[in-house]
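Report on the structure given below.
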Amino acid sequence: MSSIDQVTQKFRSLRMSAIAEHLEPLLSQAEANESSYLQFAQSLVEYEENQRNSKRIEQNRRRSGFPLHKSLEEFDYRFQTTISKREMNSLCDFNFIDNRDNVVFIGPPGVGKTHLAIGLGLKAIDAGYKVSFNTALALMEILELAELKGELKKKINQLLKFDVLIIDELGYLPMNKQGMHNLFQLINALYEYRSIILTTNKEFTNWGEFFFDNNVAVPIVDRLIHHSHIFMLGGESYRLKSKLNK
Ligand code: ADP
Ligand code: MG
């Protein structure tokens with residue numbers, strides 16, 4: 001006859017640490033519910049599975065690099081009427097991630113592009129996906145540094161481990177030739193393999209001037225908008241609204 005401590009130890013050494021830490025309450029619960037043996041066995045595996053999932057989600061949240069917490073629940077669709085709650089909700093079935101589609105929010109400053117990108121990203125994490133948030137500027141710096149060290153491929157491969165890459169504020173600052181080249185390498189690697197959530201203040205027709213070079217702009221834009229859900233946001237800046245209301 002084994003003691004509960006011995007059984008706990010066995011679970012631990014088999015790396016089922018959630019069951020190991022929770023064996024007593026799981027046993028008492030089974031006794032109280034007069035569970036069948038099968039029900040008890042099921043309650044053990046489910047407990048382990050649920051704990052592992054929530055740990056993984058917690059870890060993905062830490063690795064995502066969101067600068068702020070913005071939830072879709074906080075978003076006011078009465079103020080921002082150029083996108084509907086229904087449209088955002090339908091993105092939250094995450095078919096776009098499974099299909100490796102992109103989501104693009106285009107619009108002037110302050111209309112909620114970054115808020116929606118973060119809110120959607122957080123929901124994707126809750127659904128079990130891995131998401132990485134980067135401003136376009138930070139991403140360019142990361143790629144540039146990797147390129148200088150001869151590790152561009154390695155860095156891109158690291159980024160490909162995420163299901164979704166959020167690129168915030170593409171187009172705010174002009175890019176040099178090497179930057180464009182690096183970005184192209186990344187977008188090309190992601191194309192039809194991973195999803196991008198992109199926010200930008202530039203309409204695609206103006207991307208030539210931002211990239212200085214249509215020869216690079218065209219293939220990049222082509223890959224970004226092929227299989228993509230594009231939302232053109234308009235209206236007033238929410239920042240301005242909060243200022244005026246004060
Ligand atoms: P953008 O990225 O388009 O420049 P942001 O998403 O950064 O704009 O929005 C600016 C600020 O206003 C943020 O604090 C954001 O949370 C808030 N905001 C913007 N639109 C809305 C909205 N419709 N409802 C609630 N908050 C909003
Ligand atoms: Mg923004």
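Letters A, B, ... go to the chains of the structure tokens in the order shown; residues in each chain start at 1; ligands are counted from 1 in the same order.
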
Once you count only C-alpha atoms and all ligand atoms, which residues end up within 8 Å of ligand 2, and could you hand them over as a ChimeraX atom specification?
/A:109-110,112-115,168-169,199-200

At a cut-off of 9 Å around ligand 1, and using only C-alpha atoms and all ligand atoms, what residues come up? Please write them as a tab-separated table (two decimals) with all heavy atoms, in the first residue's frame.
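The result, stored in out-v7.tsv:
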chain	number	residue	atom	x	y	z
A	69	HIS	N	-1.68	47.18	-21.73
A	69	HIS	CA	-2.82	46.28	-21.78
A	69	HIS	C	-4.01	47.04	-22.36
A	69	HIS	O	-4.44	48.04	-21.82
A	69	HIS	CB	-3.16	45.77	-20.38
A	69	HIS	CG	-4.22	44.72	-20.40
A	69	HIS	ND1	-5.56	45.05	-20.48
A	69	HIS	CD2	-4.16	43.37	-20.41
A	69	HIS	CE1	-6.26	43.92	-20.52
A	69	HIS	NE2	-5.45	42.90	-20.48
A	70	LYS	N	-4.50	46.57	-23.51
A	70	LYS	CA	-5.69	47.17	-24.12
A	70	LYS	C	-6.61	46.03	-24.49
A	70	LYS	O	-6.19	45.12	-25.22
A	70	LYS	CB	-5.32	47.94	-25.39
A	70	LYS	CG	-4.45	49.15	-25.18
A	70	LYS	CD	-5.25	50.33	-24.70
A	70	LYS	CE	-4.34	51.49	-24.38
A	70	LYS	NZ	-5.07	52.59	-23.74
A	71	SER	N	-7.85	46.06	-23.98
A	71	SER	CA	-8.72	44.94	-24.31
A	71	SER	C	-9.80	45.38	-25.30
A	71	SER	O	-10.15	46.56	-25.39
A	71	SER	CB	-9.38	44.39	-23.05
A	71	SER	OG	-10.32	45.33	-22.57
A	72	LEU	N	-10.29	44.41	-26.05
A	72	LEU	CA	-11.36	44.71	-27.00
A	72	LEU	C	-12.62	45.14	-26.26
A	72	LEU	O	-13.41	45.93	-26.77
A	72	LEU	CB	-11.65	43.50	-27.89
A	72	LEU	CG	-10.57	43.13	-28.90
A	72	LEU	CD1	-11.04	41.98	-29.79
A	72	LEU	CD2	-10.18	44.33	-29.76
A	73	GLU	N	-12.79	44.64	-25.04
A	73	GLU	CA	-13.97	45.02	-24.24
A	73	GLU	C	-13.97	46.52	-23.94
A	73	GLU	O	-15.03	47.12	-23.80
A	73	GLU	CB	-14.02	44.25	-22.92
A	73	GLU	CG	-14.44	42.78	-23.06
A	73	GLU	CD	-13.31	41.89	-23.58
A	73	GLU	OE1	-12.14	42.34	-23.59
A	73	GLU	OE2	-13.61	40.75	-24.01
A	74	GLU	N	-12.78	47.10	-23.83
A	74	GLU	CA	-12.70	48.55	-23.52
A	74	GLU	C	-12.96	49.42	-24.75
A	74	GLU	O	-13.02	50.63	-24.62
A	74	GLU	CB	-11.28	48.90	-23.04
A	74	GLU	CG	-10.84	48.35	-21.72
A	74	GLU	CD	-9.33	48.57	-21.56
A	74	GLU	OE1	-8.56	47.73	-22.06
A	74	GLU	OE2	-8.94	49.59	-20.97
A	75	PHE	N	-12.99	48.81	-25.92
A	75	PHE	CA	-13.06	49.61	-27.14
A	75	PHE	C	-14.47	50.14	-27.35
A	75	PHE	O	-15.44	49.40	-27.26
A	75	PHE	CB	-12.61	48.78	-28.35
A	75	PHE	CG	-12.26	49.62	-29.54
A	75	PHE	CD1	-11.05	50.30	-29.59
A	75	PHE	CD2	-13.14	49.74	-30.60
A	75	PHE	CE1	-10.72	51.09	-30.69
A	75	PHE	CE2	-12.82	50.52	-31.70
A	75	PHE	CZ	-11.61	51.20	-31.74
A	76	ASP	N	-14.57	51.42	-27.64
A	76	ASP	CA	-15.87	52.07	-27.80
A	76	ASP	C	-16.23	52.18	-29.29
A	76	ASP	O	-15.67	53.00	-30.01
A	76	ASP	CB	-15.80	53.47	-27.16
A	76	ASP	CG	-17.13	54.19	-27.23
A	76	ASP	OD1	-18.08	53.66	-27.85
A	76	ASP	OD2	-17.22	55.30	-26.65
A	77	TYR	N	-17.15	51.32	-29.73
A	77	TYR	CA	-17.54	51.29	-31.14
A	77	TYR	C	-18.54	52.39	-31.48
A	77	TYR	O	-18.90	52.57	-32.63
A	77	TYR	CB	-18.12	49.93	-31.52
A	77	TYR	CG	-17.13	48.80	-31.38
A	77	TYR	CD1	-17.04	48.07	-30.19
A	77	TYR	CD2	-16.27	48.46	-32.42
A	77	TYR	CE1	-16.13	47.05	-30.04
A	77	TYR	CE2	-15.35	47.43	-32.27
A	77	TYR	CZ	-15.28	46.72	-31.08
A	77	TYR	OH	-14.37	45.70	-30.94
A	78	ARG	N	-19.01	53.10	-30.45
A	78	ARG	CA	-19.89	54.25	-30.74
A	78	ARG	C	-19.04	55.45	-31.14
A	78	ARG	O	-19.44	56.30	-31.90
A	78	ARG	CB	-20.76	54.59	-29.53
A	78	ARG	CG	-21.96	53.64	-29.39
A	78	ARG	CD	-22.56	53.79	-28.02
A	78	ARG	NE	-21.48	53.63	-27.02
A	78	ARG	CZ	-21.64	53.80	-25.72
A	78	ARG	NH1	-22.81	54.18	-25.24
A	78	ARG	NH2	-20.64	53.62	-24.87
A	79	PHE	N	-17.81	55.48	-30.61
A	79	PHE	CA	-16.90	56.55	-31.01
A	79	PHE	C	-16.24	56.21	-32.36
A	79	PHE	O	-16.19	57.03	-33.26
A	79	PHE	CB	-15.82	56.79	-29.95
A	79	PHE	CG	-14.93	57.94	-30.29
A	79	PHE	CD1	-15.35	59.25	-30.07
A	79	PHE	CD2	-13.69	57.74	-30.87
A	79	PHE	CE1	-14.53	60.32	-30.42
A	79	PHE	CE2	-12.88	58.80	-31.22
A	79	PHE	CZ	-13.30	60.09	-30.98
A	80	GLN	N	-15.76	54.97	-32.46
A	80	GLN	CA	-15.11	54.52	-33.70
A	80	GLN	C	-16.13	53.71	-34.50
A	80	GLN	O	-16.31	52.52	-34.26
A	80	GLN	CB	-13.87	53.68	-33.36
A	80	GLN	CG	-13.16	53.07	-34.55
A	80	GLN	CD	-12.93	54.01	-35.69
A	80	GLN	OE1	-13.77	54.15	-36.59
A	80	GLN	NE2	-11.80	54.70	-35.67
A	81	THR	N	-16.77	54.38	-35.46
A	81	THR	CA	-17.88	53.71	-36.17
A	81	THR	C	-17.45	53.12	-37.51
A	81	THR	O	-18.26	52.51	-38.20
A	81	THR	CB	-19.04	54.70	-36.42
A	81	THR	OG1	-18.49	55.84	-37.10
A	81	THR	CG2	-19.68	55.14	-35.12
A	105	PHE	N	-4.85	47.23	-40.19
A	105	PHE	CA	-5.62	48.40	-39.79
A	105	PHE	C	-4.93	49.63	-40.35
A	105	PHE	O	-3.78	49.92	-40.01
A	105	PHE	CB	-5.70	48.51	-38.26
A	105	PHE	CG	-6.39	47.35	-37.60
A	105	PHE	CD1	-5.68	46.45	-36.81
A	105	PHE	CD2	-7.76	47.14	-37.77
A	105	PHE	CE1	-6.31	45.37	-36.19
A	105	PHE	CE2	-8.41	46.07	-37.16
A	105	PHE	CZ	-7.68	45.18	-36.37
A	106	ILE	N	-5.65	50.34	-41.22
A	106	ILE	CA	-5.09	51.55	-41.83
A	106	ILE	C	-5.87	52.76	-41.35
A	106	ILE	O	-7.10	52.71	-41.28
A	106	ILE	CB	-5.20	51.49	-43.37
A	106	ILE	CG1	-4.55	50.20	-43.90
A	106	ILE	CG2	-4.56	52.71	-44.02
A	106	ILE	CD1	-4.64	50.04	-45.41
A	107	GLY	N	-5.18	53.82	-41.00
A	107	GLY	CA	-5.90	55.03	-40.63
A	107	GLY	C	-5.00	56.07	-40.00
A	107	GLY	O	-3.85	55.78	-39.66
A	108	PRO	N	-5.54	57.28	-39.83
A	108	PRO	CA	-4.76	58.37	-39.23
A	108	PRO	C	-4.48	58.12	-37.75
A	108	PRO	O	-5.04	57.18	-37.17
A	108	PRO	CB	-5.66	59.60	-39.43
A	108	PRO	CG	-7.03	59.04	-39.57
A	108	PRO	CD	-6.89	57.70	-40.20
A	109	PRO	N	-3.66	58.95	-37.12
A	109	PRO	CA	-3.32	58.74	-35.70
A	109	PRO	C	-4.53	58.85	-34.78
A	109	PRO	O	-5.44	59.63	-35.04
A	109	PRO	CB	-2.34	59.88	-35.39
A	109	PRO	CG	-1.82	60.33	-36.70
A	109	PRO	CD	-2.89	60.05	-37.71
A	110	GLY	N	-4.53	58.03	-33.74
A	110	GLY	CA	-5.51	58.18	-32.67
A	110	GLY	C	-6.85	57.51	-32.90
A	110	GLY	O	-7.75	57.64	-32.07
A	111	VAL	N	-7.01	56.78	-34.01
A	111	VAL	CA	-8.33	56.21	-34.29
A	111	VAL	C	-8.51	54.80	-33.70
A	111	VAL	O	-9.55	54.18	-33.88
A	111	VAL	CB	-8.65	56.20	-35.80
A	111	VAL	CG1	-8.75	57.63	-36.33
A	111	VAL	CG2	-7.63	55.41	-36.58
A	112	GLY	N	-7.47	54.30	-33.02
A	112	GLY	CA	-7.64	53.02	-32.31
A	112	GLY	C	-6.94	51.83	-32.94
A	112	GLY	O	-7.18	50.69	-32.54
A	113	LYS	N	-6.05	52.07	-33.89
A	113	LYS	CA	-5.39	50.96	-34.59
A	113	LYS	C	-4.57	50.09	-33.63
A	113	LYS	O	-4.69	48.86	-33.63
A	113	LYS	CB	-4.46	51.49	-35.70
A	113	LYS	CG	-5.16	52.36	-36.72
A	113	LYS	CD	-4.20	52.83	-37.81
A	113	LYS	CE	-3.02	53.66	-37.33
A	113	LYS	NZ	-3.43	54.97	-36.76
A	114	THR	N	-3.74	50.74	-32.82
A	114	THR	CA	-2.89	49.98	-31.90
A	114	THR	C	-3.73	49.27	-30.84
A	114	THR	O	-3.49	48.11	-30.51
A	114	THR	CB	-1.85	50.92	-31.24
A	114	THR	OG1	-1.07	51.51	-32.27
A	114	THR	CG2	-0.94	50.17	-30.30
A	115	HIS	N	-4.75	49.98	-30.36
A	115	HIS	CA	-5.66	49.38	-29.37
A	115	HIS	C	-6.28	48.08	-29.92
A	115	HIS	O	-6.25	47.04	-29.25
A	115	HIS	CB	-6.75	50.41	-29.03
A	115	HIS	CG	-7.65	50.01	-27.91
A	115	HIS	ND1	-8.01	50.87	-26.91
A	115	HIS	CD2	-8.27	48.83	-27.63
A	115	HIS	CE1	-8.81	50.24	-26.06
A	115	HIS	NE2	-8.98	49.00	-26.48
A	116	LEU	N	-6.78	48.15	-31.15
A	116	LEU	CA	-7.42	46.96	-31.74
A	116	LEU	C	-6.40	45.84	-31.96
A	116	LEU	O	-6.70	44.67	-31.71
A	116	LEU	CB	-8.09	47.33	-33.06
A	116	LEU	CG	-9.33	48.23	-32.95
A	116	LEU	CD1	-9.79	48.67	-34.33
A	116	LEU	CD2	-10.47	47.51	-32.22
A	117	ALA	N	-5.19	46.21	-32.38
A	117	ALA	CA	-4.16	45.19	-32.63
A	117	ALA	C	-3.78	44.48	-31.32
A	117	ALA	O	-3.67	43.25	-31.28
A	117	ALA	CB	-2.92	45.83	-33.26
A	118	ILE	N	-3.64	45.25	-30.24
A	118	ILE	CA	-3.28	44.64	-28.96
A	118	ILE	C	-4.45	43.81	-28.43
A	118	ILE	O	-4.26	42.66	-27.99
A	118	ILE	CB	-2.90	45.73	-27.92
A	118	ILE	CG1	-1.60	46.44	-28.35
A	118	ILE	CG2	-2.72	45.11	-26.53
A	118	ILE	CD1	-1.18	47.58	-27.42
A	168	ASP	N	3.44	47.22	-35.47
A	168	ASP	CA	2.69	48.44	-35.20
A	168	ASP	C	3.37	49.64	-35.83
A	168	ASP	O	4.60	49.78	-35.74
A	168	ASP	CB	2.58	48.62	-33.67
A	168	ASP	CG	1.54	49.67	-33.30
A	168	ASP	OD1	0.52	49.78	-34.00
A	168	ASP	OD2	1.76	50.38	-32.30
A	169	GLU	N	2.57	50.46	-36.45
A	169	GLU	CA	3.04	51.76	-36.96
A	169	GLU	C	4.05	51.64	-38.09
A	169	GLU	O	5.05	52.36	-38.11
A	169	GLU	CB	3.67	52.60	-35.84
A	169	GLU	CG	2.70	52.87	-34.71
A	169	GLU	CD	3.25	53.88	-33.70
A	169	GLU	OE1	4.45	54.16	-33.73
A	169	GLU	OE2	2.45	54.36	-32.91
A	199	THR	N	-0.46	47.61	-38.34
A	199	THR	CA	-1.13	48.91	-38.31
A	199	THR	C	-0.26	49.90	-39.06
A	199	THR	O	0.96	49.85	-39.01
A	199	THR	CB	-1.38	49.45	-36.88
A	199	THR	OG1	-0.20	50.10	-36.40
A	199	THR	CG2	-1.81	48.36	-35.91
A	200	THR	N	-0.92	50.77	-39.79
A	200	THR	CA	-0.20	51.75	-40.59
A	200	THR	C	-1.05	53.00	-40.83
A	200	THR	O	-2.27	52.91	-40.84
A	200	THR	CB	0.26	51.15	-41.94
A	200	THR	OG1	0.88	52.17	-42.72
A	200	THR	CG2	-0.90	50.57	-42.71
A	201	ASN	N	-0.37	54.10	-40.99
A	201	ASN	CA	-1.08	55.34	-41.31
A	201	ASN	C	-1.05	55.61	-42.82
A	201	ASN	O	-1.56	56.60	-43.28
A	201	ASN	CB	-0.46	56.53	-40.55
A	201	ASN	CG	0.99	56.73	-40.92
A	201	ASN	OD1	1.64	55.81	-41.44
A	201	ASN	ND2	1.52	57.90	-40.67
A	233	LEU	N	-9.76	52.59	-41.17
A	233	LEU	CA	-10.38	53.32	-40.06
A	233	LEU	C	-10.33	54.81	-40.33
A	233	LEU	O	-9.36	55.32	-40.87
A	233	LEU	CB	-9.66	53.00	-38.75
A	233	LEU	CG	-9.57	51.54	-38.35
A	233	LEU	CD1	-8.90	51.40	-36.99
A	233	LEU	CD2	-10.93	50.89	-38.30
A	236	GLU	N	-12.42	60.80	-35.92
A	236	GLU	CA	-11.61	61.71	-35.11
A	236	GLU	C	-10.60	60.93	-34.26
A	236	GLU	O	-10.81	59.76	-33.98
A	236	GLU	CB	-12.51	62.48	-34.14
A	236	GLU	CG	-13.56	63.35	-34.81
A	236	GLU	CD	-12.93	64.54	-35.51
A	236	GLU	OE1	-12.11	65.23	-34.85
A	236	GLU	OE2	-13.21	64.75	-36.70
A	237	SER	N	-9.58	61.63	-33.82
A	237	SER	CA	-8.62	61.01	-32.90
A	237	SER	C	-9.24	60.91	-31.52
A	237	SER	O	-9.81	61.87	-31.00
A	237	SER	CB	-7.35	61.85	-32.83
A	237	SER	OG	-6.61	61.47	-31.68
A	238	TYR	N	-9.13	59.72	-30.93
A	238	TYR	CA	-9.65	59.50	-29.58
A	238	TYR	C	-8.84	60.30	-28.57
A	238	TYR	O	-9.35	60.73	-27.55
A	238	TYR	CB	-9.58	58.01	-29.26
A	238	TYR	CG	-10.41	57.58	-28.09
A	238	TYR	CD1	-11.75	57.20	-28.26
A	238	TYR	CD2	-9.87	57.53	-26.81
A	238	TYR	CE1	-12.50	56.78	-27.19
A	238	TYR	CE2	-10.63	57.12	-25.72
A	238	TYR	CZ	-11.95	56.74	-25.92
A	238	TYR	OH	-12.70	56.33	-24.85
A	239	ARG	N	-7.57	60.48	-28.88
A	239	ARG	CA	-6.71	61.27	-27.98
A	239	ARG	C	-7.24	62.70	-27.88
A	239	ARG	O	-7.30	63.27	-26.81
A	239	ARG	CB	-5.28	61.31	-28.50
A	239	ARG	CG	-4.60	59.96	-28.48
A	239	ARG	CD	-3.11	60.11	-28.77
A	239	ARG	NE	-2.47	58.81	-28.90
A	239	ARG	CZ	-2.20	58.23	-30.06
A	239	ARG	NH1	-2.49	58.84	-31.19
A	239	ARG	NH2	-1.63	57.05	-30.09
A	240	LEU	N	-7.64	63.23	-29.04
A	240	LEU	CA	-8.15	64.58	-29.09
A	240	LEU	C	-9.46	64.66	-28.31
A	240	LEU	O	-9.71	65.61	-27.56
A	240	LEU	CB	-8.42	64.95	-30.55
A	240	LEU	CG	-8.27	66.41	-30.93
A	240	LEU	CD1	-6.87	66.90	-30.58
A	240	LEU	CD2	-8.52	66.58	-32.43
A	241	LYS	N	-10.27	63.62	-28.47
A	241	LYS	CA	-11.56	63.57	-27.77
A	241	LYS	C	-11.34	63.65	-26.26
A	241	LYS	O	-11.99	64.45	-25.56
A	241	LYS	CB	-12.30	62.30	-28.12
A	241	LYS	CG	-13.59	62.12	-27.35
A	241	LYS	CD	-13.98	60.65	-27.20
A	241	LYS	CE	-14.84	60.51	-26.00
A	241	LYS	NZ	-15.39	59.31	-25.63
A	242	SER	N	-10.39	62.82	-25.76
A	242	SER	CA	-10.17	62.81	-24.30
A	242	SER	C	-9.67	64.17	-23.83
A	242	SER	O	-10.02	64.62	-22.76
A	242	SER	CB	-9.17	61.73	-23.89
A	242	SER	OG	-8.93	60.84	-24.91

Please identify all polymer residues within 9 Å of Gly179 in chain A, counting only C-alpha atoms, omitting same-chain residues fewer than 4 positions from it, and present them as a list of chain:residue names.
A:Met140, A:Glu141, A:Leu143, A:Glu144, A:Met175, A:Leu183, A:Phe184

Now that the selection is made, can you save its residues with N, CA, C and O atoms as a short mmCIF file (atom, residue, chain, number, x, y, z; two decimals), in the first residue's frame?
data_model
loop_
_atom_site.label_atom_id
_atom_site.label_comp_id
_atom_site.auth_asym_id
_atom_site.auth_seq_id
_atom_site.Cartn_x
_atom_site.Cartn_y
_atom_site.Cartn_z
N MET A 140 12.69 46.91 -36.98
CA MET A 140 13.77 47.27 -37.90
C MET A 140 15.11 47.25 -37.19
O MET A 140 16.12 46.80 -37.76
N GLU A 141 15.11 47.75 -35.96
CA GLU A 141 16.37 47.76 -35.19
C GLU A 141 16.84 46.34 -34.88
O GLU A 141 18.02 46.02 -34.99
N LEU A 143 16.16 43.65 -36.57
CA LEU A 143 16.63 43.01 -37.80
C LEU A 143 17.99 43.56 -38.22
O LEU A 143 18.86 42.82 -38.67
N GLU A 144 18.16 44.88 -38.06
CA GLU A 144 19.42 45.51 -38.45
C GLU A 144 20.58 44.94 -37.62
O GLU A 144 21.64 44.59 -38.14
N MET A 175 12.55 54.46 -44.32
CA MET A 175 13.45 53.35 -44.07
C MET A 175 14.62 53.38 -45.03
O MET A 175 14.45 53.81 -46.17
N LEU A 183 13.34 43.93 -44.03
CA LEU A 183 11.89 43.78 -43.88
C LEU A 183 11.33 42.83 -44.94
O LEU A 183 10.49 41.98 -44.65
N PHE A 184 11.84 42.98 -46.14
CA PHE A 184 11.37 42.09 -47.21
C PHE A 184 11.67 40.63 -46.88
O PHE A 184 10.84 39.75 -47.08
#

Pull the closest atom pair for each residue of range 91-151 of chain A that gets at most 8 Å from range 45-58 of chain A, along with the distance in Å to one decimal, counting only C-alpha atoms, ordering rows by chain and then ascending residue number, as JSON lines.
{"residue": "A:Ile125", "atom": "CA", "partner": "A:Ile57", "partner_atom": "CA", "distance": 6.3}
{"residue": "A:Asp126", "atom": "CA", "partner": "A:Ile57", "partner_atom": "CA", "distance": 6.3}
{"residue": "A:Gly128", "atom": "CA", "partner": "A:Ile57", "partner_atom": "CA", "distance": 6.2}

Atom pair CA of Pro67 in chain A / CA of Phe94 in chain A: separation (Å)
22.3 Å

From range 30-238 of chain A, collect each residue whose DSSP state is alpha helix (DSSP H) and return the set as a count of residues only.
109

Nearest to Asn188 in chain A: which of A:Val164, A:Val131, A:Ile220, A:Leu148 is it, counting only C-alpha atoms?
A:Ile220

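The residue that comes closest to Pro174 in chain A, out of A:Leu198, A:Ala20, A:Ile142, A:Leu137 and on the basis of only C-alpha atoms, is A:Leu137.
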
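The space between CA of Asn99 in chain A and CA of Leu152 in chain A spans 26.1 Å.
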